[in-house]
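Take a look at the structure set out below.
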Amino acid sequence: MTGRPLLNRRLDGLGTTIFAEMSALAVATGAINLGQGFPDTDGPESVREAAVRALRDGRGNQYPPGPGIPELRTAVADHQRRFYDLTFDPDTEVLVTAGATEAIAAAMLALLEPGDEVIAFEPFYDSYAACIAMAGAVRVPLTLHAPDFRPDLDALRDALTPRTRLLLLNSPHNPTGTVLTRDELTAIAALAVEHDLLVVTDEVYEHLTYDGTEHIPLISLPGMRDRTVSISSAGKTFSFTGWKVGWVTASAPLVAAVRTAKQFLTYVASGPFQYAIAEALALPDPYYTAFRDDLQTKRDLLAAGLTDAGFTVFRPQGTYFITTDIADIAPGTDALTFCRELPQRCGVVAVPNSVFYDHPTAGRTHVRFAFCKKEEVLSEAAERLRAL
Ligand code: PMP
Ligand code: GLN
């Protein structure tokens, strides 16, 4: 097998995800893992029990229906009505996927032709670049700059070309914590309508917003109902990232397109967990409020610890993550080098935002810490970082 590289050209350079690399480093060194975003406390006992019941009762142990079980599709539609006053037909406008990750992949594979341009904010969640590449399309980054990480809407307009097919938006945004405002969304929607673009919105952190910040689905804005594919997932909202239950809500033609690709990726996944998440989505408001308040407290705890340790902290409005600048505490060091050395130096793992950019310098010294961990773990991590 000589000559031609085994990995096809589209995936060249994508290597191992930074999350896998950094979690492996945490295991190998025994460090506190504030890298990959997953909680160290599982979600509600009642939801776990619902999964156990489904397993025991033989619900979902065989292939569930391709679009997802009706109970979950109905629960997703009810959730969209309850939180956003949006109406979706559970039969034709909701699709259950193997996490948001599969939904993103299926949307890119379904909606793009080779050579189409996709505009996405950078730093971007790493699967975006891979999925756009697998679809043979071209990513066009729109850089969010520190300290505010707000989108530059003039730059967005300038980035549009006749080949632009799709905007891939993530709000609340991983890793910066930016939550798009109604004004920003309105401006983006106007451009999408003017240029007849499709929009895919990744809203997996929809319930993780702080200080009263409101998450507004772009699909709720005028002109967007039939051109937006809205994606979310249960992983973050219910602290079951391993269950991989996600969903798409969109117009029937868009759902049909995404379903066409999805059925050849996994066909279906997570049978018994679909029943449990259908129950989780219907949890009463105090669940959602308490969950958000708890994470906000953790954000504040870690932000204070990082500031104390000398990091420049960019306070996030949403997500699991705090982005920091290490320029002051590690002059001349880039984020990737810093993160590779950090476990040895002080027993903490973080993620370098630099790998989420095409821009050569914008994220060079930015490091992300996850705060979805027990308070004592966050305090211990902060203590260790102070000793740097
Ligand atoms: N989008 C973003 C922005 C994420 O941070 C993640 C990671 N959880 C995902 C999508 C993937 O979600 P899931 O685990 O549901 O596939
Ligand atoms: N979304 C998680 C993060 O940003 C990671 C998910 C994954 O490992 N693919 O940390």
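Residue numbering restarts at 1 for every chain of the structure tokens, chains are lettered A, B, ... in their displayed order, and ligands are numbered from 1 as they appear.
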
* Hey, which residues come within 10 Å of ligand 1 if we count only C-alpha atoms and all ligand atoms? Could you give them as a PyMOL selection string? -> chain A and resi 19+36-38+97-105+124-128+169-175+201-205+231-237+240-247+319-321

* **Selection near stretch 46-63 of chain A, 10 Å with only C-alpha atoms, sequence-local residues under 2 positions removed, as a list in words** =>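 Selected residues are Asp42, Gly43, Pro44, Pro65, Gly66, Gly68, Ile69, Phe238, Phe240, Tyr267, Val268, Ala269, Ser270, Gly271, Pro272, Phe273, Gln274, Tyr275, Ala276, Ile277, Ala278, Glu279, Ala280, Leu281 and Leu283 of chain A.
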
* To do: as a PyMOL selection string, list the residues of stretch 219-341 of chain A assigned to alpha helix (DSSP H) by DSSP on the backbone atoms of this structure.
  => chain A and resi 234-237+252-262+271-281+285-308+335-341

* Contacts of A:Glu122 at 9 Å or less, counting only C-alpha atoms, minus same-chain residues fewer than 4 places along, as a list of chain:residue names? ->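 So, after excluding close chain neighbours, the residues are A:Pro141, A:Leu142, A:Thr143, A:Leu144, A:His145, A:Phe356, A:Tyr357, A:Asp358, A:His359.
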
* To do: To one decimal in Å, tell me the separation between atom CA of A:Gln296 and atom CA of A:Asp152.
  => 27.1 Å

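Across A:Val193, A:Val179, A:Ala26, A:Leu11, the tightest approach to A:Gly212 is made by A:Val179 when counting only C-alpha atoms.
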
* **Those in stretch 299-358 of chain A with strand (DSSP E or B) from DSSP, as a list in words** => Thr312, Val313, Phe314, Gly318, Phe321, Ile322, Thr323, Thr324, Asp325, Val348, Val349, Val351 and Pro352 of chain A

* Determine the nearest neighbour of ligand 2 from the options A:Pro5, A:Gly35, A:Gly15, A:Pro316, counting only C-alpha atoms and all ligand atoms. =>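 Under the stated criterion, the closest residue is A:Gly35.
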
* To do: May I have the residues within 8 Å of A:Phe311 as a list of chain:residue names, using only C-alpha atoms and disregarding those fewer than 2 positions away in the same chain?
  =>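 Counting only C-alpha atoms, the residues come to A:Leu306, A:Thr307, A:Asp308, A:Ala309, A:Val313, A:Thr324, A:Asp325, A:Ile326, A:Asp328, A:Ile329.
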
* Please provide the set of residues having any atom within 8 Å of stretch 213-226 of chain A, restricted to only C-alpha atoms, with same-chain residues fewer than 3 positions apart removed, written as a list of chain:residue names. =>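 My reading of the contact set: A:Tyr84, A:Leu86, A:Ser171, A:Pro172, A:Val179, A:Leu180, A:Thr181, A:Arg182, A:Leu185, A:Thr186, A:Ala189, A:Val193, A:Thr201, A:Glu203, A:Glu206, A:His207, A:Thr209, A:Tyr210, A:Val229, A:Ser230, A:Ala250, A:Ser251, A:Leu254, A:Gln317, A:Gly318.
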